[in-house]
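Undergrad: Before I ask anything, let me first share the structure, which is written out below as structure tokens.
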2 protein chains.
Amino acid sequence: MLRERLIDAAERTIAANGLTSLRARDLAREVGCAVGTIYNVFEHLDELILCVGSRTLAMLDTALGAIRLGRPYGSPEDAADDLVRLALAYLEFAAKHTVRWRALFEHRMSEARSLPQWFVDQQHALFAQVERPLVTLLADLDPDARRTLARTLFSAVHGIVALGLEEKLVSLLLLELRSQLAATVRAIASGRDQLRSAAHLSHRSS
Amino acid sequence: MLRERLIDAAERTIAANGLTSLRARDLAREVGCAVGTIYNVFEHLDELILCVGSRTLAMLDTALGAIRLGRPYGSPEDAADDLVRLALAYLEFAAKHTVRWRALFEHRMSEARSLPQWFVDQQHALFAQVERPLVTLLADLDPDARRTLARTLFSAVHGIVALGLEEKLVSLLLLELRSQLAATVRAIASGRDQLRSAAHLSHRSS
């Protein structure tokens, strides 16, 4: 199917060389169609890029889903352990798939288009992986506050990974990055009172 | 001076429309020189972009420097308060100067050039703002471990701000982002034992 072949070609280009290397003309040549045909299949190039982003999100979802404890958490410490594991799995993913992972975060819709709802929903499904340990870690949090907190933790981990991977990596640095990441997540998890009060504050203000 | 005028023009373009809008041809036209002249003044366009980035770093340094306590910290709680203030000042800066702040982090050197040392030094000076409260918060940390931890905290705050500002902002969201940010930094600061053990681990592994 032409649609799939175009996404495949765009995916190869983005995974190898990033977003800026994507050109409709090159894609058309690779797939063997006219440039105009791309715009019959996709509303605009942003839609095609989101389809590739969706595949990256699915890969990331699988990578994070694979490391979860198979059993219910017995204690807040179990849940904190799992948050650390999730953070480290995120780092591994980003280190292994750096170019396509970066493309996921650098892409901005052109002409003030907003992200389609299906893509936003897929992002939220990813944050939901972080929510599960929070149910045990902060049992008294209501679901809205938990969702917000999950997104915040995800963002903090993302920042440490993103700026950490900027330094041209040697494996020694990656080792250090791992221990920094684990410690920060553990420190956050240990500050349960602070997190709880923020959740209540946020909720009151919204 | 032509060099300054070129930086001024590039700064206006980047602050208004971001990195992708920067074209040597447009700059030459705006300043009234030949395109080739730009490459007499700057080794490559990356150098010009770094000069603009350097101005953004200086603005950020001023913004963070302005909010510090004028007196020495009396307690770890004072130091934690200051970490929260630094994080909130970072959020304000990013919310106010979103386009040029984003350009600072999205720019990558082309052709595998590495960042010049003067630029790396300026980045480190920024992280040093975060080190000061850490001296009180974790008095027993050696300077290397403190530097690493400062960079990690900066990155975590950066991640929360960067992904938080992606959601098209209304002021209500900004309010929520503030309280999430403050709580996370407070939670991290409260997990001093975890941070200390990571610092020692990192140091041993390097």
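As shown in the structure tokens, the chain order sets the letters A, B, ...; within each chain, residues go from 1, and ligands are also counted from 1 in the order they appear.
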Write out as a ChimeraX atom specification the residues lying within 7 Å of segment 26-39 of chain B, counting only C-alpha atoms and excluding same-chain residues fewer than 2 positions away.
TA: /B:5-6,9-10,23-24,41-44
Undergrad: Any chance you could export the current selection's N, CA and C atoms as a compact mmCIF listing (two decimals), in the first residue's frame?
TA:
```txt
# COMPACT_ATOMS: atom_id res chain seq x y z
N ARG B 5 26.73 43.76 13.66
CA ARG B 5 25.47 43.96 12.93
C ARG B 5 24.91 42.63 12.43
N LEU B 6 25.81 41.73 12.04
CA LEU B 6 25.35 40.40 11.60
C LEU B 6 24.76 39.61 12.77
N ALA B 9 21.35 41.03 13.55
CA ALA B 9 20.34 40.62 12.58
C ALA B 9 19.95 39.16 12.81
N ALA B 10 20.95 38.31 13.04
CA ALA B 10 20.67 36.88 13.29
C ALA B 10 19.85 36.73 14.58
N ARG B 23 18.70 32.34 7.24
CA ARG B 23 19.29 32.10 5.93
C ARG B 23 20.38 33.14 5.70
N ALA B 24 21.56 32.69 5.27
CA ALA B 24 22.67 33.60 5.01
C ALA B 24 22.26 34.70 4.02
N VAL B 41 33.66 36.89 7.88
CA VAL B 41 33.56 37.33 9.27
C VAL B 41 33.40 36.13 10.22
N PHE B 42 32.59 35.17 9.81
CA PHE B 42 32.38 33.96 10.62
C PHE B 42 32.89 32.75 9.85
N GLU B 43 33.47 31.82 10.58
CA GLU B 43 34.01 30.64 9.91
C GLU B 43 32.89 29.86 9.20
N HIS B 44 31.74 29.80 9.85
CA HIS B 44 30.58 29.11 9.28
C HIS B 44 29.34 29.64 10.00
```
Undergrad: Please report as an NGL selection string which residues of chain A come no farther than 7 Å from chain B, using only C-alpha atoms.
TA: :A and (152 or 155-160 or 163 or 172 or 176 or 179-180 or 183-184 or 186-188 or 190-192 or 194-195 or 198 or 202 or 206)
Undergrad: Residues of the last selection are to be written out with N, CA, C and O atoms, as an mmCIF file, in the first residue's frame.
TA:
```cif
data_model
loop_
_atom_site.group_PDB
_atom_site.id
_atom_site.type_symbol
_atom_site.label_atom_id
_atom_site.label_comp_id
_atom_site.auth_asym_id
_atom_site.auth_seq_id
_atom_site.Cartn_x
_atom_site.Cartn_y
_atom_site.Cartn_z
ATOM 1 N N THR A 152 4.848 15.151 34.907
ATOM 2 C CA THR A 152 5.973 15.925 35.439
ATOM 3 C C THR A 152 7.205 15.042 35.632
ATOM 4 O O THR A 152 8.317 15.428 35.261
ATOM 5 N N SER A 155 8.742 14.214 32.390
ATOM 6 C CA SER A 155 9.462 15.368 31.840
ATOM 7 C C SER A 155 10.818 15.560 32.499
ATOM 8 O O SER A 155 11.799 15.909 31.833
ATOM 9 N N ALA A 156 10.882 15.349 33.823
ATOM 10 C CA ALA A 156 12.155 15.504 34.535
ATOM 11 C C ALA A 156 13.158 14.466 34.029
ATOM 12 O O ALA A 156 14.322 14.782 33.745
ATOM 13 N N VAL A 157 12.688 13.227 33.885
ATOM 14 C CA VAL A 157 13.559 12.163 33.370
ATOM 15 C C VAL A 157 13.983 12.495 31.935
ATOM 16 O O VAL A 157 15.156 12.372 31.570
ATOM 17 N N HIS A 158 13.026 12.940 31.146
ATOM 18 C CA HIS A 158 13.339 13.308 29.761
ATOM 19 C C HIS A 158 14.437 14.377 29.704
ATOM 20 O O HIS A 158 15.363 14.286 28.901
ATOM 21 N N GLY A 159 14.338 15.376 30.566
ATOM 22 C CA GLY A 159 15.346 16.443 30.577
ATOM 23 C C GLY A 159 16.735 15.932 30.904
ATOM 24 O O GLY A 159 17.716 16.291 30.251
ATOM 25 N N ILE A 160 16.818 15.073 31.914
ATOM 26 C CA ILE A 160 18.128 14.527 32.303
ATOM 27 C C ILE A 160 18.711 13.697 31.159
ATOM 28 O O ILE A 160 19.897 13.794 30.838
ATOM 29 N N LEU A 163 19.561 16.258 27.909
ATOM 30 C CA LEU A 163 20.788 17.056 28.042
ATOM 31 C C LEU A 163 21.996 16.151 28.275
ATOM 32 O O LEU A 163 23.089 16.445 27.821
ATOM 33 N N LEU A 172 31.430 5.431 29.558
ATOM 34 C CA LEU A 172 31.662 5.857 30.923
ATOM 35 C C LEU A 172 30.659 6.939 31.324
ATOM 36 O O LEU A 172 30.088 6.904 32.408
ATOM 37 N N GLU A 176 27.634 7.078 34.238
ATOM 38 C CA GLU A 176 27.408 8.163 35.184
ATOM 39 C C GLU A 176 25.985 8.711 35.051
ATOM 40 O O GLU A 176 25.320 8.992 36.040
ATOM 41 N N SER A 179 23.543 6.542 36.883
ATOM 42 C CA SER A 179 23.471 6.639 38.342
ATOM 43 C C SER A 179 22.860 7.978 38.760
ATOM 44 O O SER A 179 22.134 8.063 39.744
ATOM 45 N N GLN A 180 23.127 9.026 37.977
ATOM 46 C CA GLN A 180 22.503 10.318 38.272
ATOM 47 C C GLN A 180 20.987 10.236 38.124
ATOM 48 O O GLN A 180 20.233 10.760 38.939
ATOM 49 N N ALA A 183 19.394 8.175 40.939
ATOM 50 C CA ALA A 183 19.391 8.883 42.213
ATOM 51 C C ALA A 183 18.338 9.986 42.239
ATOM 52 O O ALA A 183 17.660 10.191 43.253
ATOM 53 N N THR A 184 18.197 10.693 41.117
ATOM 54 C CA THR A 184 17.224 11.780 41.080
ATOM 55 C C THR A 184 15.808 11.221 41.222
ATOM 56 O O THR A 184 14.992 11.746 41.984
ATOM 57 N N ARG A 186 14.960 8.409 42.598
ATOM 58 C CA ARG A 186 14.805 7.934 43.980
ATOM 59 C C ARG A 186 14.582 9.093 44.952
ATOM 60 O O ARG A 186 13.766 9.009 45.863
ATOM 61 N N ALA A 187 15.312 10.177 44.731
ATOM 62 C CA ALA A 187 15.138 11.353 45.595
ATOM 63 C C ALA A 187 13.720 11.901 45.456
ATOM 64 O O ALA A 187 13.064 12.220 46.447
ATOM 65 N N ILE A 188 13.251 11.985 44.216
ATOM 66 C CA ILE A 188 11.885 12.477 43.998
ATOM 67 C C ILE A 188 10.888 11.561 44.711
ATOM 68 O O ILE A 188 9.991 12.019 45.420
ATOM 69 N N SER A 190 11.312 9.721 47.198
ATOM 70 C CA SER A 190 11.400 9.809 48.662
ATOM 71 C C SER A 190 10.702 11.067 49.183
ATOM 72 O O SER A 190 10.353 11.141 50.353
ATOM 73 N N GLY A 191 10.504 12.057 48.309
ATOM 74 C CA GLY A 191 9.885 13.315 48.753
ATOM 75 C C GLY A 191 8.379 13.267 48.588
ATOM 76 O O GLY A 191 7.784 14.171 48.008
ATOM 77 N N ARG A 192 7.778 12.212 49.129
ATOM 78 C CA ARG A 192 6.353 11.997 48.864
ATOM 79 C C ARG A 192 5.473 13.100 49.426
ATOM 80 O O ARG A 192 4.463 13.465 48.837
ATOM 81 N N GLN A 194 6.183 16.267 49.702
ATOM 82 C CA GLN A 194 6.259 17.419 48.810
ATOM 83 C C GLN A 194 5.408 17.199 47.561
ATOM 84 O O GLN A 194 4.726 18.106 47.099
ATOM 85 N N LEU A 195 5.474 15.999 47.011
ATOM 86 C CA LEU A 195 4.717 15.710 45.793
ATOM 87 C C LEU A 195 3.225 15.768 46.072
ATOM 88 O O LEU A 195 2.437 16.272 45.283
ATOM 89 N N ALA A 198 1.996 19.343 46.351
ATOM 90 C CA ALA A 198 1.918 20.003 45.032
ATOM 91 C C ALA A 198 0.676 19.577 44.309
ATOM 92 O O ALA A 198 -0.009 20.383 43.682
ATOM 93 N N SER A 202 -2.046 22.101 42.920
ATOM 94 C CA SER A 202 -2.391 22.171 41.503
ATOM 95 C C SER A 202 -3.891 22.015 41.333
ATOM 96 O O SER A 202 -4.525 22.729 40.569
ATOM 97 N N SER A 206 -6.798 24.695 39.718
ATOM 98 C CA SER A 206 -7.324 24.482 38.348
ATOM 99 C C SER A 206 -8.836 24.352 38.349
ATOM 100 O O SER A 206 -9.482 24.444 39.372
#
```
Undergrad: For Thr136 of chain B, find every residue with an atom within 7 Å (counting only C-alpha atoms), except residues of its own chain fewer than 5 positions away, and show them as JSON, numbers by chain.
TA: {"B": [73, 75, 76, 79]}
Undergrad: Could you please take those selected residues and save all heavy atoms as a PDB file, in the first residue's frame?
TA:
```pdb
ATOM      1  N   TYR B  73      23.328  31.053  53.075  1.00  0.00           N
ATOM      2  CA  TYR B  73      22.225  30.217  53.524  1.00  0.00           C
ATOM      3  C   TYR B  73      22.430  29.818  54.971  1.00  0.00           C
ATOM      4  O   TYR B  73      23.504  29.358  55.342  1.00  0.00           O
ATOM      5  CB  TYR B  73      22.138  28.943  52.688  1.00  0.00           C
ATOM      6  CG  TYR B  73      22.050  29.211  51.219  1.00  0.00           C
ATOM      7  CD1 TYR B  73      23.079  28.841  50.376  1.00  0.00           C
ATOM      8  CD2 TYR B  73      20.944  29.862  50.689  1.00  0.00           C
ATOM      9  CE1 TYR B  73      23.000  29.091  49.019  1.00  0.00           C
ATOM     10  CE2 TYR B  73      20.859  30.122  49.337  1.00  0.00           C
ATOM     11  CZ  TYR B  73      21.891  29.735  48.508  1.00  0.00           C
ATOM     12  OH  TYR B  73      21.816  29.994  47.177  1.00  0.00           O
ATOM     13  N   SER B  75      20.548  27.433  56.435  1.00  0.00           N
ATOM     14  CA  SER B  75      20.152  26.041  56.657  1.00  0.00           C
ATOM     15  C   SER B  75      19.923  25.365  55.310  1.00  0.00           C
ATOM     16  O   SER B  75      19.771  26.032  54.287  1.00  0.00           O
ATOM     17  CB  SER B  75      18.840  26.014  57.443  1.00  0.00           C
ATOM     18  OG  SER B  75      17.813  26.580  56.640  1.00  0.00           O
ATOM     19  N   PRO B  76      19.855  24.034  55.315  1.00  0.00           N
ATOM     20  CA  PRO B  76      19.504  23.315  54.081  1.00  0.00           C
ATOM     21  C   PRO B  76      18.151  23.773  53.538  1.00  0.00           C
ATOM     22  O   PRO B  76      17.952  23.786  52.328  1.00  0.00           O
ATOM     23  CB  PRO B  76      19.455  21.849  54.533  1.00  0.00           C
ATOM     24  CG  PRO B  76      20.367  21.780  55.701  1.00  0.00           C
ATOM     25  CD  PRO B  76      20.232  23.098  56.397  1.00  0.00           C
ATOM     26  N   ALA B  79      18.585  26.703  51.404  1.00  0.00           N
ATOM     27  CA  ALA B  79      19.179  26.309  50.124  1.00  0.00           C
ATOM     28  C   ALA B  79      18.124  25.679  49.212  1.00  0.00           C
ATOM     29  O   ALA B  79      18.083  25.952  48.006  1.00  0.00           O
ATOM     30  CB  ALA B  79      20.337  25.339  50.360  1.00  0.00           C
TER      31      ALA B  79
END
```
Undergrad: Going by DSSP on the backbone, which residues of chain B come out as alpha helix (DSSP H)? List them as a ChimeraX atom specification.
TA: /B:2-17,24-31,35-41,45-66,76-96,98-106,117-137,143-166,171-190,192-205
Undergrad: What is the distance between atom CA of Val130 of chain B and atom CA of Lys96 of chain B, in Å to one decimal?
TA: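 Taking atom CA of Val130 of chain B and atom CA of Lys96 of chain B, their separation equals 20.8 Å.
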Undergrad: Pick out the residues sitting within 10 Å of Thr56 of chain A, and hand them over as a VMD selection string; count only C-alpha atoms, and ignore anything fewer than 5 positions along from it in its own chain.
TA: chain A and resid 11 15 50 to 51 61 to 62 97 100 to 101 103 to 104
Undergrad: Residues within 7 Å of Leu22 of chain B, please, as a list in words. Count only C-alpha atoms; anything in the same chain fewer than 3 positions from it doesn't count.
TA: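 The filter keeps Ala10, Thr13, Ile14 and Leu19 of chain B.
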Undergrad: Restrict the selected residues to N, CA, C and O atoms and save them as a tab-separated table (two decimals), in the first residue's frame.
TA:
```
chain	number	residue	atom	x	y	z
B	10	ALA	N	20.95	38.31	13.04
B	10	ALA	CA	20.67	36.88	13.29
B	10	ALA	C	19.85	36.73	14.58
B	10	ALA	O	18.93	35.91	14.66
B	13	THR	N	16.20	37.56	13.98
B	13	THR	CA	15.54	36.49	13.24
B	13	THR	C	15.27	35.28	14.14
B	13	THR	O	14.16	34.73	14.16
B	14	ILE	N	16.29	34.87	14.89
B	14	ILE	CA	16.15	33.68	15.74
B	14	ILE	C	15.14	33.93	16.85
B	14	ILE	O	14.32	33.07	17.17
B	19	LEU	N	15.41	28.96	14.71
B	19	LEU	CA	16.61	28.60	13.94
B	19	LEU	C	16.35	28.35	12.47
B	19	LEU	O	17.13	28.74	11.61
```
Undergrad: Between atom CA of Ala128 of chain B and atom CA of Pro116 of chain B, what distance in Å does the model show, to one decimal?
TA: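 If I compute the distance from atom CA of Ala128 of chain B to atom CA of Pro116 of chain B, I get 18.9 Å.
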Undergrad: Figure out the distance between atom CA of Pro72 of chain B and atom CA of Ala89 of chain B, please, to one decimal in Å.
TA: 19.5 Å
